[in-house]
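Novice: Dumping the structure here so I can ask a few things about it.
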Amino acid sequence: MNSSQAERLAARDHLRRQGWIARRSEAFHHLPPPDLAHWLGGPADDAGCDAPPLAGAGWTLHPLGDGGAHGVDARWLDALEPAQRAELLAGLPPPGDGEAAPFAWAHRALCRQGLRLRIAATPGRAAAPVVLELRHQPRQRAEAPLLVIDVDAGVHCVLLETHERSASDCAHPVTQNLHSHIQLGAGARLQHLRVVAPEAQDQIAHHLHATLAPDAHYAQALVATDSAYHLQRGTLQLRGRGARAQHAALLLLQGQQIDHQVHSDLQAPHSASAVESLVLAQGSARAVSNAYTRIAAGADEADVRQRLSGVPLSGQPRLTLRPHLEILHDNVQAAHGATWGALPADALFYARQRGLDEASARALITEGMARAVLERGLEDSELLAQWLASGWLGRRMARQLQGPTGLTS
Amino acid sequence: MTPPDPLLQVRDLRVNVGERTVLRSVSLDVNAGSLVVLMGANGSGKSTLGLALAGHPAYHVLGGQALLAGQDLLAMPAHERARAGLFLSFQSPPDVPGVKNNLFIRTALNAQRESRGQEPLDAFDFLTSAKQAAKGLGLPEAMLGRPVNAGFSGGERKRNELLQLSLLQPRLALLDEIDSGMDVDGVRAVVEQVARLRAQGTAFIVVSHYLQMIEQLQPDAVLRLDQGCIAESGDVGLARHIAETGFASRTAPVEPLT
């Protein structure tokens, strides 16, 4: 037995002793995840999908724009091979014992491959952002991919990360426990557009951990669609003075579920975080959007915003919006709110008065609200503008407004 | 020779907002290419008339009739009233977050064109004419690419209403306090725009308290609305008189003027 196998067995043993996510868990009790066995896979899951072979460990990297891949060091690593596993996991926090720790232990037990990206400054190209696209395709029926991104001090990176597949890629439902670790050096900046659109029967849990050094800026716009189980959990640690994090999520549900959780931890003075979500749901969909922000003692002049909103488009979806603040310092600004309601009636009538029928007016305004959330998350982003212009969102919204599909598991 | 029927014919229109009767009985005619100024104290029902004619769901028509070019407006849903040629310039135009102005107007214009059996305008042709219209109204071209009314000043919102009026070219436009929030250049743009469209046959109902603009608009008639009824009708002299004496001196109980 090598050290990689030993670690995997140790993780399984830990899970056997400590158990899976508790039913009473504060973070997960609204939408409990499937049992542990789903996340560990079995012999049949090692057979893989019917998808054609792809380069890399489920991840493919595509430089975009003029910036190209200058300064990008990408390493696809085999987590079953001890030396590569050590390199893949180097510097990452241990799974720990938090509410979501069982997912992290299950990840350690199953992880077979990962991608480690380092984005460094390139002499003479300091001003130009590095623009990348990362696509992930599932490779096994049960898998635990890993992504680690280190952005060096002062570097500006723009990243489009997509998780989409069609029936031709993989015909089987997938259970995917993805962990991403993003580490931003001092003054580094990452604009991150994530599109996660699983198939109806997929079980998805994505855990993103970001740590921000002084004056680093992390902005994420997330577009997620529902499936049999879909968890999007982000943990943002603002460790350095002046660090800023923005997170905007657009959650589109047609009858299944999404559990969206963002934990922000402001540990330094003059740090700022803004979390916004918009849930557009229909049918019997179930959505949770949970923003928890902690302002640590000593985080002087920290600035926190949380805005969670939901619109039931049709049917009787269940939406749970949970803004939380924990403030351990006096001199801070914090605001939070949650609203659940219909489309804005004044805008709807305005559009109808200009000649749009009811359905067209609703579609235009609903898509507009969706775009506005993403644009607030990634301000002045050319990448986002290009993605919006691709028509993906419009097509998805058109499907959404046609009516609910799928069943809540 | 028989004169043509008025473009808009309103008869004994009665409207409730919630439990309150705001329009008790309004009757008026507006001919194609003509301009009627509607004046009245706050709460007299001026905005209610526009919103009721436009089909706002919160404005419940109790009775009466409104014909636009012979079509029964009150029987139509709001979008069909717009497609029939009714344009309402809102007193407080709302934001439409995330929807770019040029997309909003082009979608509306093409919906109207489609209802008339016309080919839709493509994005390039539309943008060319929209830029030209915006320039004529003193509206920065960049505002075409911004979300509708989001972050616009009061005057910019009103100029944006004028831009839509210019591109949609309705048969009848009801301008509800279009001058409020406008600077002098904006008011001049209103006057020029209205004159240009009147020459093409568009009829106007203009709600305003601003005498200088009313005089420049050269109205065919001035109506005073009071307690939900047309209380007085006259020419621009009535507007001058109201500007001098105000509405307070005219608060006697009102019977509908037919």
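Ordering of the structure tokens sets the chain letters (A, B, ...); residue numbers start at 1 within each chain; ligands are numbered from 1 in the order shown.
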Please list as number ranges by chain every residue within 9 Å of Tyr350 of chain A, counting only C-alpha atoms and excluding residues in the same chain fewer than 2 positions away.
Specialist: A: 345-348, 352-354, 361; B: 90, 93-94, 96
Novice: Please produce a file of the residues just selected, as a PDB file, in the first residue's frame, where the atoms kept are C-alpha atoms.
Specialist:
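The new file result_25.pdb reads:
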ATOM      1  CA  ALA A 345     -45.491  45.178 -11.597  1.00  0.00           C
ATOM      2  CA  ASP A 346     -44.535  48.682 -12.728  1.00  0.00           C
ATOM      3  CA  ALA A 347     -41.901  47.389 -15.147  1.00  0.00           C
ATOM      4  CA  LEU A 348     -44.308  44.743 -16.459  1.00  0.00           C
ATOM      5  CA  ARG A 352     -46.956  46.005 -21.978  1.00  0.00           C
ATOM      6  CA  GLN A 353     -47.807  49.652 -22.604  1.00  0.00           C
ATOM      7  CA  ARG A 354     -45.070  49.641 -25.203  1.00  0.00           C
ATOM      8  CA  ALA A 361     -42.986  41.234 -21.140  1.00  0.00           C
TER       9      ALA A 361
ATOM     10  CA  PHE B  90     -45.237  57.955 -17.748  1.00  0.00           C
ATOM     11  CA  PRO B  93     -40.989  56.019 -15.851  1.00  0.00           C
ATOM     12  CA  PRO B  94     -39.861  52.888 -13.974  1.00  0.00           C
ATOM     13  CA  VAL B  96     -36.283  47.911 -16.063  1.00  0.00           C
TER      14      VAL B  96
END
Novice: So that I can see what lies close to Thr293 of chain A, please list as number ranges by chain the residues with an atom at most 10 Å from it, counting only C-alpha atoms and leaving out residues fewer than 2 positions away in the same chain.
Specialist: A: 235-236, 262-266, 273-275, 290-291, 295-296, 304-306, 323-327, 334, 336
Novice: So that I can check the secondary structure, give me every residue of segment 104-233 of chain B assigned alpha helix (DSSP H) by backbone DSSP, as number ranges by chain.
Specialist: B: 104-115, 123-136, 154-168, 184-199, 211-217
Novice: So that I have them on file, write out the residues from the current selection with C-alpha atoms, as a compact mmCIF listing (two decimals), in the first residue's frame.
Specialist:
# COMPACT_ATOMS: atom_id res chain seq x y z
CA PHE B 104 -36.35 47.25 -24.94
CA ILE B 105 -37.41 49.73 -27.59
CA ARG B 106 -36.57 47.45 -30.51
CA THR B 107 -38.53 44.59 -28.94
CA ALA B 108 -41.50 46.89 -28.45
CA LEU B 109 -41.24 48.35 -31.92
CA ASN B 110 -41.01 44.93 -33.54
CA ALA B 111 -43.97 43.66 -31.51
CA GLN B 112 -45.99 46.55 -32.87
CA ARG B 113 -44.69 46.05 -36.41
CA GLU B 114 -45.47 42.35 -36.27
CA SER B 115 -49.04 43.10 -35.20
CA ALA B 123 -30.67 45.38 -34.86
CA PHE B 124 -28.43 47.38 -37.17
CA ASP B 125 -31.21 49.33 -38.88
CA PHE B 126 -32.88 49.99 -35.57
CA LEU B 127 -29.69 51.18 -33.93
CA THR B 128 -29.01 53.59 -36.76
CA SER B 129 -32.40 55.25 -36.39
CA ALA B 130 -32.25 55.12 -32.59
CA LYS B 131 -28.89 56.88 -32.53
CA GLN B 132 -30.20 59.56 -34.84
CA ALA B 133 -33.32 60.07 -32.71
CA ALA B 134 -31.30 60.16 -29.50
CA LYS B 135 -29.00 62.78 -30.94
CA GLY B 136 -31.96 64.94 -31.92
CA GLY B 154 -35.47 62.74 -13.92
CA GLY B 155 -34.79 64.70 -17.08
CA GLU B 156 -33.04 61.77 -18.74
CA ARG B 157 -36.01 59.54 -18.03
CA LYS B 158 -38.31 62.04 -19.71
CA ARG B 159 -36.02 62.37 -22.71
CA ASN B 160 -36.03 58.59 -22.88
CA GLU B 161 -39.82 58.69 -23.04
CA LEU B 162 -39.51 61.13 -25.91
CA LEU B 163 -37.06 58.81 -27.63
CA GLN B 164 -39.57 55.97 -27.43
CA LEU B 165 -42.32 58.27 -28.66
CA SER B 166 -40.17 59.25 -31.60
CA LEU B 167 -39.35 55.67 -32.59
CA LEU B 168 -42.75 54.10 -31.92
CA VAL B 184 -34.99 74.35 -20.92
CA ASP B 185 -33.35 72.40 -23.70
CA GLY B 186 -35.46 69.42 -22.79
CA VAL B 187 -38.66 71.43 -22.93
CA ARG B 188 -37.61 72.78 -26.33
CA ALA B 189 -37.05 69.18 -27.48
CA VAL B 190 -40.58 68.30 -26.33
CA VAL B 191 -42.08 71.18 -28.29
CA GLU B 192 -40.13 70.33 -31.45
CA GLN B 193 -40.88 66.61 -31.19
CA VAL B 194 -44.58 67.19 -30.65
CA ALA B 195 -44.78 69.61 -33.59
CA ARG B 196 -43.01 67.13 -35.87
CA LEU B 197 -45.27 64.25 -34.93
CA ARG B 198 -48.43 66.38 -35.08
CA ALA B 199 -47.52 67.27 -38.62
CA LEU B 211 -47.72 77.68 -19.14
CA GLN B 212 -44.70 78.57 -21.27
CA MET B 213 -44.57 75.08 -22.73
CA ILE B 214 -48.35 74.96 -23.17
CA GLU B 215 -48.21 78.18 -25.17
CA GLN B 216 -45.39 76.86 -27.34
CA LEU B 217 -47.33 73.66 -28.02
Novice: Using only C-alpha atoms, find the one residue out of B:Ala32, B:Ala231, B:Leu174, B:Ala54 that sits nearest to chain A.
Specialist: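 Between B:Ala32, B:Ala231, B:Leu174, B:Ala54, the residue approaching chain A most closely is B:Ala54.
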Novice: Kindly provide, as a PyMOL selection string, the residues of chain A having any atom no farther than 8 Å from an atom of chain B, counting only C-alpha atoms.
Specialist: chain A and resi 346-347+349-358+364-365+367-373
Novice: Could the residues in this selection be saved with C-alpha atoms as a PDB file, in the first residue's frame?
Specialist:
ATOM      1  CA  ASP A 346     -44.535  48.682 -12.728  1.00  0.00           C
ATOM      2  CA  ALA A 347     -41.901  47.389 -15.147  1.00  0.00           C
ATOM      3  CA  PHE A 349     -46.988  47.309 -17.213  1.00  0.00           C
ATOM      4  CA  TYR A 350     -44.416  49.635 -18.746  1.00  0.00           C
ATOM      5  CA  ALA A 351     -43.366  46.917 -21.176  1.00  0.00           C
ATOM      6  CA  ARG A 352     -46.956  46.005 -21.978  1.00  0.00           C
ATOM      7  CA  GLN A 353     -47.807  49.652 -22.604  1.00  0.00           C
ATOM      8  CA  ARG A 354     -45.070  49.641 -25.203  1.00  0.00           C
ATOM      9  CA  GLY A 355     -46.722  46.748 -27.029  1.00  0.00           C
ATOM     10  CA  LEU A 356     -45.313  43.552 -25.522  1.00  0.00           C
ATOM     11  CA  ASP A 357     -47.799  40.827 -24.706  1.00  0.00           C
ATOM     12  CA  GLU A 358     -47.840  39.414 -21.196  1.00  0.00           C
ATOM     13  CA  LEU A 364     -37.877  40.298 -21.100  1.00  0.00           C
ATOM     14  CA  ILE A 365     -38.054  41.478 -17.510  1.00  0.00           C
ATOM     15  CA  GLU A 367     -34.058  37.824 -18.216  1.00  0.00           C
ATOM     16  CA  GLY A 368     -33.203  41.439 -17.450  1.00  0.00           C
ATOM     17  CA  MET A 369     -33.265  40.769 -13.720  1.00  0.00           C
ATOM     18  CA  ALA A 370     -31.043  37.754 -14.251  1.00  0.00           C
ATOM     19  CA  ARG A 371     -28.539  39.741 -16.305  1.00  0.00           C
ATOM     20  CA  ALA A 372     -28.549  42.593 -13.797  1.00  0.00           C
ATOM     21  CA  VAL A 373     -27.544  40.280 -10.937  1.00  0.00           C
TER      22      VAL A 373
END
Novice: Name all residues at most 6 Å from Leu225 of chain B (count only C-alpha atoms; drop same-chain ones fewer than 5 positions away) and give them as a ChimeraX atom specification.
Specialist: /B:40,44,230-231
Novice: Put those residues in a file: C-alpha atoms, as a PDB file, in the first residue's frame.
Specialist:
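See part.pdb below for the written result:
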ATOM      1  CA  GLY B  40     -56.147  70.151 -13.006  1.00  0.00           C
ATOM      2  CA  SER B  44     -58.152  65.603 -10.015  1.00  0.00           C
ATOM      3  CA  ILE B 230     -64.087  67.870 -17.168  1.00  0.00           C
ATOM      4  CA  ALA B 231     -65.057  71.108 -15.427  1.00  0.00           C
TER       5      ALA B 231
END
Novice: Enter the distance from atom CA of Arg165 of chain A to atom CA of Gly377 of chain A, in Å, rounded to one decimal.
Specialist: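 Going from atom CA of Arg165 of chain A over to atom CA of Gly377 of chain A covers 24.8 Å.
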Novice: Report the residues of segment 100-337 of chain A whose backbone DSSP state falls under strand (DSSP E or B), written as a PyMOL selection string.
Specialist: chain A and resi 113-119+130-136+142-143+146-151+156-164+175-184+189-197+203-212+217-225+227+229-238+244-253+257-266+272-283+286-295+303-315+318-327+333-337
Novice: Would you compute the distance between atom CA of Ala221 of chain B and atom CA of Thr2 of chain B? Give it in Å to one decimal.
Specialist: 21.1 Å
